[in-house]
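Structure below is upload-v4.txt: compact mmCIF, C-alpha atoms.
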# COMPACT_ATOMS: atom_id res chain seq x y z
CA MET A 208 20.08 8.43 -0.11
CA ILE A 209 22.27 11.20 1.29
CA ASN A 210 20.70 14.63 1.78
CA THR A 211 22.28 17.28 -0.43
CA GLY A 212 20.62 20.40 0.97
CA LYS A 213 18.99 21.20 -2.38
CA LEU A 214 15.51 21.44 -0.84
CA ALA A 215 16.56 24.09 1.69
CA GLY A 216 14.04 26.92 1.75
CA ARG A 217 11.70 25.26 -0.73
CA THR A 218 8.05 24.85 0.24
CA ILE A 219 6.44 21.43 0.00
CA PHE A 220 2.70 20.80 0.41
CA ILE A 221 1.97 17.15 1.35
CA THR A 222 -1.48 15.61 1.75
CA GLY A 223 -1.98 12.72 4.17
CA ALA A 224 1.35 13.43 5.86
CA SER A 225 0.51 12.75 9.50
CA ARG A 226 1.89 9.19 9.14
CA GLY A 227 3.30 6.64 6.71
CA ILE A 228 4.80 7.54 3.35
CA GLY A 229 3.70 11.18 3.51
CA LYS A 230 5.39 11.76 6.86
CA ALA A 231 8.54 9.92 5.75
CA ILE A 232 8.85 12.24 2.73
CA ALA A 233 8.26 15.27 4.97
CA LEU A 234 11.05 14.20 7.36
CA LYS A 235 13.47 13.55 4.49
CA ALA A 236 12.89 17.03 3.05
CA ALA A 237 13.03 18.58 6.52
CA LYS A 238 16.64 17.43 6.89
CA ASP A 239 17.49 19.85 4.07
CA GLY A 240 15.70 22.69 5.84
CA ALA A 241 12.57 22.68 3.67
CA ASN A 242 9.26 24.31 4.57
CA ILE A 243 6.61 21.61 4.98
CA ILE A 244 2.84 21.89 4.98
CA ILE A 245 1.30 18.85 6.69
CA ALA A 246 -2.21 18.71 5.20
CA ALA A 247 -4.18 15.88 6.81
CA LYS A 248 -7.36 15.13 8.74
CA THR A 249 -5.96 13.76 11.99
CA ALA A 250 -5.89 16.56 14.55
CA GLU A 251 -6.76 14.36 17.54
CA PRO A 252 -5.14 10.98 18.31
CA HIS A 253 -6.86 8.11 16.47
CA PRO A 254 -7.70 4.97 18.50
CA LYS A 255 -6.13 2.66 15.89
CA LEU A 256 -3.74 4.82 13.86
CA PRO A 257 -0.59 6.56 15.13
CA GLY A 258 0.21 10.26 14.76
CA THR A 259 -1.54 13.59 14.25
CA ILE A 260 -0.68 16.62 12.15
CA TYR A 261 0.83 18.18 15.28
CA THR A 262 3.06 15.25 16.23
CA ALA A 263 4.22 15.04 12.62
CA ALA A 264 4.94 18.81 12.61
CA LYS A 265 7.03 18.46 15.78
CA GLU A 266 9.10 15.71 14.13
CA VAL A 267 9.59 17.85 11.01
CA GLU A 268 10.89 20.78 13.06
CA GLU A 269 13.15 18.50 15.12
CA ALA A 270 14.59 17.19 11.83
CA GLY A 271 15.52 20.72 10.75
CA GLY A 272 12.56 21.94 8.73
CA LYS A 273 9.85 24.54 9.25
CA CYS A 274 6.29 23.25 9.39
CA LEU A 275 2.72 24.40 9.06
CA PRO A 276 0.19 21.77 10.18
CA CYS A 277 -3.22 22.22 8.55
CA ILE A 278 -6.42 20.32 9.23
CA VAL A 279 -7.43 19.29 5.71
CA ASP A 280 -9.96 16.83 4.35
CA VAL A 281 -9.05 16.79 0.65
CA ARG A 282 -12.73 16.29 -0.16
CA ASP A 283 -13.52 19.75 1.26
CA GLU A 284 -12.77 22.53 -1.20
CA SER A 285 -12.88 25.28 1.44
CA GLN A 286 -10.41 23.44 3.71
CA VAL A 287 -8.00 22.89 0.82
CA ALA A 288 -8.26 26.55 -0.25
CA LYS A 289 -7.65 27.74 3.33
CA ALA A 290 -4.58 25.50 3.72
CA VAL A 291 -3.08 26.65 0.41
CA GLU A 292 -3.68 30.30 1.33
CA SER A 293 -2.10 29.76 4.78
CA ALA A 294 0.92 28.10 3.18
CA VAL A 295 1.45 30.98 0.76
CA ASN A 296 1.02 33.58 3.51
CA LYS A 297 3.53 31.83 5.78
CA PHE A 298 6.17 30.71 3.28
CA GLY A 299 5.60 32.96 0.27
CA GLY A 300 4.61 30.28 -2.25
CA ILE A 301 4.56 26.56 -3.06
CA ASP A 302 7.33 24.75 -4.95
CA ILE A 303 6.35 21.08 -4.62
CA LEU A 304 3.03 19.28 -4.17
CA ILE A 305 2.83 15.65 -3.08
CA ASN A 306 -0.61 14.06 -3.48
CA ASN A 307 -0.31 11.23 -0.99
CA ALA A 308 -3.76 11.10 0.67
CA SER A 309 -5.58 7.94 -0.35
CA ALA A 310 -8.34 5.52 0.67
CA ILE A 311 -8.43 1.78 0.00
CA SER A 312 -11.07 -0.95 0.06
CA LEU A 313 -10.14 -4.19 -1.70
CA THR A 314 -13.65 -5.43 -2.37
CA PRO A 315 -15.28 -6.89 -5.50
CA THR A 316 -18.22 -5.18 -7.16
CA LEU A 317 -21.09 -6.89 -5.34
CA THR A 318 -19.68 -6.27 -1.87
CA THR A 319 -18.50 -2.70 -2.43
CA GLU A 320 -20.79 -0.32 -0.55
CA MET A 321 -21.42 2.89 -2.46
CA LYS A 322 -20.24 4.96 0.51
CA ARG A 323 -16.87 3.17 0.21
CA TYR A 324 -16.85 3.73 -3.55
CA ASP A 325 -17.58 7.44 -3.04
CA LEU A 326 -14.93 7.73 -0.31
CA MET A 327 -12.19 6.26 -2.52
CA HIS A 328 -13.09 8.36 -5.55
CA SER A 329 -13.56 11.54 -3.51
CA ILE A 330 -10.17 11.23 -1.81
CA ASN A 331 -8.04 9.54 -4.45
CA THR A 332 -9.19 11.03 -7.75
CA ARG A 333 -11.16 14.16 -6.84
CA GLY A 334 -8.88 15.07 -3.93
CA THR A 335 -5.77 14.83 -6.11
CA PHE A 336 -7.38 16.94 -8.83
CA LEU A 337 -8.65 19.53 -6.34
CA VAL A 338 -5.40 20.02 -4.41
CA SER A 339 -3.44 20.16 -7.67
CA LYS A 340 -5.82 22.77 -9.07
CA MET A 341 -5.50 24.93 -5.95
CA CYS A 342 -1.69 24.70 -5.84
CA LEU A 343 -0.98 25.15 -9.55
CA PRO A 344 -1.18 28.98 -9.67
CA TYR A 345 1.63 29.07 -7.10
CA LEU A 346 3.58 26.17 -8.61
CA LYS A 347 3.75 28.18 -11.83
CA LYS A 348 5.82 30.72 -9.88
CA GLY A 349 7.77 28.10 -7.92
CA LYS A 350 11.41 27.09 -8.07
CA SER A 351 11.81 23.90 -10.17
CA PRO A 352 8.16 23.02 -9.42
CA HIS A 353 7.01 19.42 -9.06
CA ILE A 354 3.75 17.57 -8.53
CA LEU A 355 4.28 14.00 -7.36
CA ASN A 356 1.29 11.68 -7.04
CA ILE A 357 1.71 8.50 -5.00
CA SER A 358 -0.07 6.39 -7.60
CA PRO A 359 0.67 3.43 -9.87
CA PRO A 360 1.49 2.98 -13.55
CA LEU A 361 -1.63 2.67 -15.71
CA ASN A 362 -1.42 -1.09 -16.13
CA MET A 363 -4.42 -2.38 -18.11
CA ASN A 364 -3.92 -6.04 -17.21
CA PRO A 365 -7.42 -7.26 -16.18
CA ILE A 366 -5.95 -8.97 -13.12
CA TRP A 367 -5.72 -5.55 -11.43
CA PHE A 368 -9.40 -4.83 -12.09
CA LYS A 369 -11.35 -8.02 -11.54
CA ASN A 370 -10.99 -8.34 -7.76
CA HIS A 371 -11.27 -4.67 -6.71
CA VAL A 372 -12.37 -2.59 -9.68
CA ALA A 373 -13.65 0.31 -7.52
CA TYR A 374 -10.26 0.80 -5.85
CA THR A 375 -8.37 0.42 -9.12
CA MET A 376 -10.53 3.04 -10.82
CA ALA A 377 -9.99 5.48 -7.94
CA LYS A 378 -6.23 4.93 -7.81
CA TYR A 379 -5.87 5.12 -11.58
CA GLY A 380 -7.71 8.45 -11.44
CA MET A 381 -4.69 9.84 -9.62
CA SER A 382 -2.44 8.46 -12.36
CA MET A 383 -4.61 9.94 -15.10
CA CYS A 384 -4.11 13.32 -13.42
CA VAL A 385 -0.38 12.76 -14.05
CA LEU A 386 -0.96 11.89 -17.69
CA GLY A 387 -3.13 14.94 -18.34
CA MET A 388 -1.49 17.59 -16.18
CA ALA A 389 2.03 16.70 -17.31
CA GLU A 390 1.12 17.72 -20.85
CA GLU A 391 -1.14 20.59 -19.84
CA PHE A 392 1.51 22.28 -17.70
CA ARG A 393 4.63 21.27 -19.62
CA PRO A 394 4.87 24.79 -21.12
CA ASP A 395 4.96 26.15 -17.57
CA GLY A 396 7.93 23.97 -16.65
CA ILE A 397 6.02 22.05 -13.98
CA ALA A 398 7.01 18.40 -13.62
CA VAL A 399 4.04 16.10 -12.94
CA ASN A 400 4.96 12.50 -12.14
CA ALA A 401 3.76 9.42 -10.27
CA LEU A 402 5.80 7.37 -7.81
CA TRP A 403 4.89 3.82 -6.77
CA PRO A 404 6.67 1.21 -4.64
CA ARG A 405 8.04 -2.03 -6.05
CA THR A 406 7.07 -3.87 -2.87
CA ALA A 407 4.55 -3.51 -0.08
CA ILE A 408 5.34 -0.63 2.27
CA LEU A 409 4.71 -0.99 5.99
CA THR A 410 2.11 1.65 6.73
CA ALA A 411 -0.87 1.76 9.08
CA ALA A 412 -3.13 0.93 6.12
CA MET A 413 -1.06 -2.14 5.24
CA GLU A 414 -1.15 -3.36 8.85
CA MET A 415 -4.91 -2.91 8.97
CA LEU A 416 -5.27 -4.94 5.76
CA THR A 417 -2.90 -7.79 6.49
CA GLY A 418 -2.11 -7.65 10.21
CA GLN A 419 1.20 -7.53 12.05
CA GLU A 420 2.67 -10.19 9.75
CA ALA A 421 2.89 -7.47 7.06
CA ALA A 422 6.24 -6.33 8.47
CA LYS A 423 7.94 -9.56 7.41
CA HIS A 424 7.15 -8.93 3.75
CA SER A 425 7.34 -5.14 3.54
CA ARG A 426 9.82 -2.34 3.18
CA LYS A 427 9.97 0.81 5.30
CA PRO A 428 8.32 4.06 4.07
CA GLU A 429 11.82 5.54 3.92
CA ILE A 430 12.44 3.92 0.53
CA MET A 431 9.61 6.01 -0.93
CA ALA A 432 10.94 9.09 0.86
CA ASP A 433 14.41 8.59 -0.60
CA ALA A 434 12.94 8.00 -4.09
CA ALA A 435 10.77 11.12 -3.88
CA TYR A 436 13.82 13.11 -2.74
CA ALA A 437 15.75 11.81 -5.76
CA VAL A 438 12.91 12.88 -8.09
CA PHE A 439 13.00 16.41 -6.68
CA GLN A 440 16.71 16.66 -7.52
CA ARG A 441 15.80 16.36 -11.20
CA ASP A 442 15.25 19.34 -13.47
CA ALA A 443 11.48 19.85 -13.59
CA SER A 444 11.62 21.14 -17.17
CA ASN A 445 12.72 17.79 -18.62
CA CYS A 446 11.31 15.20 -16.22
CA SER A 447 7.54 15.02 -16.51
CA GLY A 448 4.76 12.58 -17.35
CA LYS A 449 6.64 9.61 -15.92
CA PHE A 450 5.35 6.67 -13.88
CA LEU A 451 8.29 5.99 -11.61
CA ILE A 452 9.06 2.97 -9.39
CA ASP A 453 10.94 3.66 -6.15
CA GLU A 454 13.61 0.99 -6.63
CA GLU A 455 14.35 2.07 -10.22
CA VAL A 456 14.61 5.73 -9.24
CA LEU A 457 17.09 4.92 -6.50
CA LYS A 458 19.18 2.64 -8.72
CA GLU A 459 19.48 5.51 -11.21
CA ALA A 460 20.57 7.74 -8.31
CA GLY A 461 23.34 5.30 -7.42
CA VAL A 462 21.77 3.46 -4.48
CA THR A 463 22.87 -0.20 -4.35
CA ASP A 464 21.96 -1.31 -0.82
CA PHE A 465 18.26 -2.14 -0.70
CA ASP A 466 18.53 -4.45 2.31
CA GLN A 467 18.48 -1.33 4.51
CA TYR A 468 14.85 -0.72 3.56
CA ALA A 469 13.51 -4.15 4.55
CA CYS A 470 11.50 -4.10 7.78
CA ASP A 471 12.85 -7.59 8.48
CA PRO A 472 16.29 -7.93 6.83
CA SER A 473 16.23 -11.69 7.40
CA ASN A 474 13.22 -11.86 5.10
CA LYS A 475 14.51 -9.43 2.45
CA ASP A 476 14.21 -12.01 -0.34
CA GLU A 477 10.51 -12.67 0.27
CA LEU A 478 9.04 -9.19 0.02
CA MET A 479 5.45 -8.85 -1.10
CA PRO A 480 5.10 -7.06 -4.47
CA ASP A 481 2.78 -4.09 -4.56
CA PHE A 482 -0.34 -3.93 -6.70
CA PHE A 483 -0.45 -2.89 -10.36
CA LEU A 484 3.05 -4.01 -11.41
CA ASP A 485 3.82 -6.40 -14.25
CA THR A 486 6.01 -8.77 -12.23
CA PRO A 487 3.68 -11.61 -11.21
CA ALA A 488 3.53 -12.01 -7.46
CA GLU A 489 3.97 -15.77 -7.73
CA GLU A 490 7.34 -15.21 -9.45
CA ILE A 491 8.57 -13.07 -6.57
CA PHE A 492 7.28 -15.50 -3.97
CA LYS A 493 8.32 -18.67 -5.80
CA LYS A 494 10.42 -21.00 -3.66
CA LYS A 495 13.68 -22.52 -4.84
CA SER A 496 11.92 -25.86 -4.95
CA GLY A 497 9.75 -24.64 -7.81
CA GLY A 498 6.20 -23.53 -8.59
CA GLY A 499 2.74 -24.88 -7.84
CA GLY A 500 1.86 -28.00 -5.90
CA ALA A 501 -0.13 -31.05 -6.80
CA SER A 502 -3.71 -31.39 -5.65
CA GLY A 503 -2.95 -34.14 -3.18
CA ASP A 504 -5.18 -36.04 -0.78
CA PHE A 505 -7.16 -33.42 1.09
CA GLU A 506 -8.12 -35.68 3.94
CA ASN A 507 -4.41 -36.22 4.65
CA ILE A 508 -3.70 -32.51 4.26
CA PHE A 509 -6.35 -31.61 6.82
CA LYS A 510 -5.19 -34.44 9.06
CA ALA A 511 -1.71 -32.91 9.01
CA ILE A 512 -3.23 -29.49 9.72
CA GLN A 513 -5.19 -30.93 12.66
CA ASN A 514 -2.07 -32.60 14.07
CA ASN A 515 -0.16 -29.33 14.02
CA LEU A 516 -2.75 -27.09 15.64
CA SER A 517 -2.08 -25.88 19.16
CA GLU A 518 -3.51 -23.67 21.87
CA GLU A 519 -0.68 -21.21 21.21
CA LEU A 520 -1.62 -20.94 17.53
CA VAL A 521 -5.31 -20.54 18.44
CA SER A 522 -4.50 -17.72 20.87
CA LYS A 523 -2.48 -15.89 18.19
CA VAL A 524 -4.93 -16.28 15.29
CA GLN A 525 -8.42 -16.35 16.85
CA ALA A 526 -10.22 -16.92 13.55
CA SER A 527 -12.29 -19.50 11.71
CA TYR A 528 -11.86 -20.23 7.99
CA LEU A 529 -14.00 -21.92 5.37
CA PHE A 530 -12.24 -23.12 2.20
CA SER A 531 -14.36 -23.46 -0.92
CA LEU A 532 -12.28 -25.49 -3.36
CA LYS A 533 -12.99 -25.56 -7.10
CA GLY A 534 -11.91 -27.88 -9.88
CA ASP A 535 -11.47 -31.66 -9.98
CA GLN A 536 -11.56 -32.07 -6.21
CA ALA A 537 -14.22 -29.51 -5.40
CA GLY A 538 -15.53 -29.39 -1.86
CA THR A 539 -15.63 -27.38 1.38
CA TYR A 540 -13.18 -27.69 4.25
CA PHE A 541 -12.53 -25.70 7.39
CA VAL A 542 -9.86 -24.67 9.86
CA ASP A 543 -11.24 -23.38 13.16
CA LEU A 544 -8.78 -21.52 15.39
CA LYS A 545 -11.21 -20.02 17.87
CA SER A 546 -11.03 -22.25 20.96
CA GLY A 547 -9.10 -25.08 22.58
CA LYS A 548 -6.45 -26.58 20.32
CA GLY A 549 -8.48 -25.78 17.19
CA SER A 550 -9.93 -28.17 14.64
CA ALA A 551 -9.82 -28.87 10.90
CA GLY A 552 -11.67 -31.11 8.48
CA LYS A 553 -14.28 -31.47 5.78
CA GLY A 554 -17.51 -29.45 5.80
CA ASP A 555 -18.38 -26.31 7.74
CA PRO A 556 -16.52 -25.00 10.82
CA PRO A 557 -18.15 -25.34 14.25
CA SER A 558 -18.29 -21.55 14.55
CA PRO A 559 -19.30 -19.09 11.81
CA PRO A 560 -16.29 -18.43 9.52
CA ASP A 561 -14.55 -15.08 9.77
CA ALA A 562 -13.34 -15.50 6.20
CA THR A 563 -14.28 -17.69 3.24
CA LEU A 564 -11.43 -18.47 0.87
CA THR A 565 -12.20 -19.65 -2.65
CA MET A 566 -9.50 -21.16 -4.86
CA THR A 567 -8.64 -24.21 -6.95
CA ALA A 568 -7.61 -27.44 -5.26
CA LYS A 569 -4.17 -27.21 -6.87
CA ASP A 570 -3.51 -23.71 -5.56
CA PHE A 571 -4.78 -24.73 -2.14
CA SER A 572 -2.19 -27.52 -1.97
CA ALA A 573 0.54 -25.15 -3.14
CA MET A 574 -0.45 -22.64 -0.48
CA PHE A 575 -0.41 -25.14 2.39
CA SER A 576 2.88 -26.67 1.25
CA GLY A 577 4.56 -23.26 1.33
CA LYS A 578 4.96 -22.87 -2.44
CA LEU A 579 2.37 -20.11 -2.73
CA LYS A 580 1.88 -17.43 -0.08
CA PRO A 581 -1.68 -16.31 0.73
CA ALA A 582 -0.82 -12.68 -0.02
CA ALA A 583 0.63 -13.61 -3.42
CA ALA A 584 -2.36 -15.80 -4.21
CA PHE A 585 -4.73 -12.97 -3.34
CA MET A 586 -2.88 -10.33 -5.32
CA THR A 587 -2.75 -12.48 -8.46
CA GLY A 588 -6.43 -13.46 -8.29
CA LYS A 589 -5.79 -17.11 -7.43
CA LEU A 590 -7.42 -16.62 -4.05
CA LYS A 591 -10.72 -14.82 -3.50
CA ILE A 592 -11.57 -13.75 0.03
CA SER A 593 -14.91 -12.75 1.46
CA GLY A 594 -15.23 -11.67 5.06
CA ASN A 595 -12.42 -10.35 7.26
CA LEU A 596 -9.35 -9.81 5.06
CA GLN A 597 -7.03 -9.09 7.97
CA LYS A 598 -7.90 -12.37 9.67
CA ALA A 599 -7.53 -14.21 6.37
CA MET A 600 -3.96 -12.97 6.06
CA LYS A 601 -3.18 -14.42 9.51
CA LEU A 602 -3.05 -17.77 7.73
CA GLU A 603 0.63 -16.95 7.17
CA LYS A 604 1.23 -18.20 10.75
CA LEU A 605 -0.33 -21.55 9.96
CA MET A 606 1.50 -21.86 6.65
CA GLY A 607 4.83 -21.27 8.37
CA GLN A 608 4.23 -24.19 10.74
CA LEU A 609 3.00 -26.59 8.08
CA LYS A 610 5.25 -26.00 5.05
CA SER A 611 7.84 -28.56 6.20
CA LYS A 612 5.22 -31.19 7.05
CA LEU A 613 3.09 -31.26 3.89
Starting from the coordinates I provided, produce the structure as structure tokens.
Amino acid sequence: MINTGKLAGRTIFITGASRGIGKAIALKAAKDGANIIIAAKTAEPHPKLPGTIYTAAKEVEEAGGKCLPCIVDVRDESQVAKAVESAVNKFGGIDILINNASAISLTPTLTTEMKRYDLMHSINTRGTFLVSKMCLPYLKKGKSPHILNISPPLNMNPIWFKNHVAYTMAKYGMSMCVLGMAEEFRPDGIAVNALWPRTAILTAAMEMLTGQEAAKHSRKPEIMADAAYAVFQRDASNCSGKFLIDEEVLKEAGVTDFDQYACDPSNKDELMPDFFLDTPAEEIFKKKSGGGGASGDFENIFKAIQNNLSEELVSKVQASYLFSLKGDQAGTYFVDLKSGKGSAGKGDPPSPPDATLTMTAKDFSAMFSGKLKPAAAFMTGKLKISGNLQKAMKLEKLMGQLKSKL
């Protein structure tokens, strides 16, 4: 997406912009010479997450923009008010608001701690509402004003609720802000839209959830930045209340090369779909050889697993798994990759499992034969995980070694 210069001099307030999608959007707009407010919590380097508001601000200015870094927890009304006031004093107003700050915890009801529930709802739903409320008086005076929430379409398919209802409710709260505010502020000419990625985006949050393997199945944040940039080229008076998908926005803008956005171009045809979209993950991940696998002889499956374990694999994974299989061939099996060359078989693992994976025998066979990826199984509800989700997703390494042998 080529920069046109149309955002030159316009002021853009972005929450959660010290890294990831928020920072990518900031850098894209900076190339036009936009004024950027980086509103995020990270003022000091985080031990696990890259970037601060100050390092992001330096990058924005090096890209050609002007920047005001503000320490903002979107849950804190006084901090939000102070940042908005500082932005107006420095740049004279606000033209665009991007509600990007978000919290995620993919846990079912019984294992969702209320502090996690409150965190997600306070940041995602309340934070979006609060920042929008504070910016709106200035957006009313802005040039072609936009609010863009990084949130999904309101898809009521139960599959997106049953495994992580607390997160879905919090994320959909951001989308309901779009639905309501688009109509409320249509007379003021303010565009209020949502933007969501077609595939997984490689961010710090994604890496924390699924590990380093996430890069193989993800796109770069730049695809969201380019899509957001395309949205801001549209006339705010006749583009509002829409739930936009990055790939569709860019196709409408004339972009045809999507390989450039893949983190691993060699794996561009096996990208992981993002949550809340209608395209079933198993369709995207389906191999040319076809769909699900047969149940098979589990003793032989685990014998094959055992024969293909190695010290190298153990050193890379360092996790123990318990498989609770349901259906005609119900039972418990384990794969232990904690020490030596590892072990696999029926029953419980020799060391306490880091993750327990529950699924049908048929889906288990499909997963270990390479016809169903763990991430796809999880996202479509075929696989339930309790314990350490990041370690569970490391199973991709084992699947890659076994798919040609089972």
Find the smallest box with edges along x, y and z containing every listed atom of segment 443-448 of chain A, then add 5 Å on each side and report centre and edge lengths in Å to one decimal, as lines of an AutoDock Vina configuration file.
center_x = 8.7
center_y = 16.9
center_z = -16.1
size_x = 18.0
size_y = 18.6
size_z = 15.0
*Please provide the set of residues having any atom within 9 Å of Thr319 of chain A, restricted to only C-alpha atoms, with same-chain residues fewer than 6 positions apart removed, written as a PyMOL selection string.*
chain A and resi 312-313+371+373
*asked:* List as an MDAnalysis selection string the protein and nucleic acid residues near Ala437 of chain A, meaning an atom at most 8 Å away when all atoms listed in the file are counted, but skip any in the same chain fewer than 4 places from it.
replied: chainID A and resid 208 433 441 456:457 460
_What's the separation between atom CA of Phe483 of chain A and atom CA of Thr406 of chain A, in Å to one decimal place?_
10.7 Å
*Which residue gives the smallest distance to Lys348 of chain A among A:Pro480, A:Gly300, A:Gly594, A:Pro254, with all atoms listed in the file counted?*
A:Gly300
*By how many Å are atom CA of Gln536 of chain A and atom CA of Leu602 of chain A apart?*
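These two atoms are separated by 21.7 Å.
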*Long-range neighbours of Asp453 of chain A as a list in words, 8 Å cut-off, only C-alpha atoms, 5 positions minimum in chain*: Leu402, Trp403, Pro404, Arg405, Ile430, Met431, Ala434 and Ala435 of chain A
*Take atom CA of Leu275 of chain A and atom CA of Asn242 of chain A and report the distance between them in Å, one decimal.*
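For atom CA of Leu275 of chain A relative to atom CA of Asn242 of chain A, the distance reads 7.9 Å.
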*Could you tell me which of A:Met600, A:Ile219, A:Ala290, A:Leu590 comes closest to Ala421 of chain A if we count all atoms listed in the file?*
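Of A:Met600, A:Ile219, A:Ala290, A:Leu590, the one nearest Ala421 of chain A is A:Met600, counting all atoms listed in the file.
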*Counting only C-alpha atoms, find the residues whose atoms lie at most 9 Å from (3.0, 25.2, 5.8) (file coordinates) and write them out as a list in words.*
Thr218, Ile219, Phe220, Asn242, Ile243, Ile244, Ile245, Ala246, Lys273, Cys274, Leu275, Pro276, Cys277, Ala290, Val291, Ser293, Ala294, Val295, Asn296, Lys297 and Phe298 of chain A
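The environment of Val338 of chain A within 9 Å, counting only C-alpha atoms and disregarding residues fewer than 4 places along the same chain, consists of A:Thr222, A:Val281, A:Glu284, A:Val287, A:Ala288, A:Val291, A:Leu304, A:Asn306, A:Arg333, A:Gly334, A:Cys342, A:Leu343.
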*When distances are computed from all atoms listed in the file, which of A:Pro315, A:Gly227, A:Pro360, A:Pro556 shows the smallest separation from Tyr379 of chain A?*
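Smallest distance to Tyr379 of chain A is found for A:Pro360.
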*Write out as number ranges by chain which residues come within 12 Å of Arg426 of chain A when counting only C-alpha atoms, dropping same-chain ones fewer than 2 positions away.*
A: 227-228, 404-410, 413, 421-424, 428-432, 453-454, 465-472, 474-481
Output file for the selection above: C-alpha atoms, as a compact mmCIF listing (two decimals), in the coordinates of the input:
# COMPACT_ATOMS: atom_id res chain seq x y z
CA GLY A 227 3.30 6.64 6.71
CA ILE A 228 4.80 7.54 3.35
CA PRO A 404 6.67 1.21 -4.64
CA ARG A 405 8.04 -2.03 -6.05
CA THR A 406 7.07 -3.87 -2.87
CA ALA A 407 4.55 -3.51 -0.08
CA ILE A 408 5.34 -0.63 2.27
CA LEU A 409 4.71 -0.99 5.99
CA THR A 410 2.11 1.65 6.73
CA MET A 413 -1.06 -2.14 5.24
CA ALA A 421 2.89 -7.47 7.06
CA ALA A 422 6.24 -6.33 8.47
CA LYS A 423 7.94 -9.56 7.41
CA HIS A 424 7.15 -8.93 3.75
CA PRO A 428 8.32 4.06 4.07
CA GLU A 429 11.82 5.54 3.92
CA ILE A 430 12.44 3.92 0.53
CA MET A 431 9.61 6.01 -0.93
CA ALA A 432 10.94 9.09 0.86
CA ASP A 453 10.94 3.66 -6.15
CA GLU A 454 13.61 0.99 -6.63
CA PHE A 465 18.26 -2.14 -0.70
CA ASP A 466 18.53 -4.45 2.31
CA GLN A 467 18.48 -1.33 4.51
CA TYR A 468 14.85 -0.72 3.56
CA ALA A 469 13.51 -4.15 4.55
CA CYS A 470 11.50 -4.10 7.78
CA ASP A 471 12.85 -7.59 8.48
CA PRO A 472 16.29 -7.93 6.83
CA ASN A 474 13.22 -11.86 5.10
CA LYS A 475 14.51 -9.43 2.45
CA ASP A 476 14.21 -12.01 -0.34
CA GLU A 477 10.51 -12.67 0.27
CA LEU A 478 9.04 -9.19 0.02
CA MET A 479 5.45 -8.85 -1.10
CA PRO A 480 5.10 -7.06 -4.47
CA ASP A 481 2.78 -4.09 -4.56
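Of the residues listed (A:Tyr436, A:Phe482, A:Tyr345, A:Phe585), A:Phe482 shows the shortest atom-to-atom separation from Lys378 of chain A; distances use only C-alpha atoms.
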*From the set A:Leu544, A:Leu346, A:Ala224, A:Ile397, which residue has the shortest atom-to-atom contact distance to Ser309 of chain A, counting all atoms listed in the file?*
A:Ala224
*Looking at only C-alpha atoms, which of A:Arg393, A:Lys427, A:His253, A:Lys322 is the one that sits closest to Lys230 of chain A?*
A:Lys427
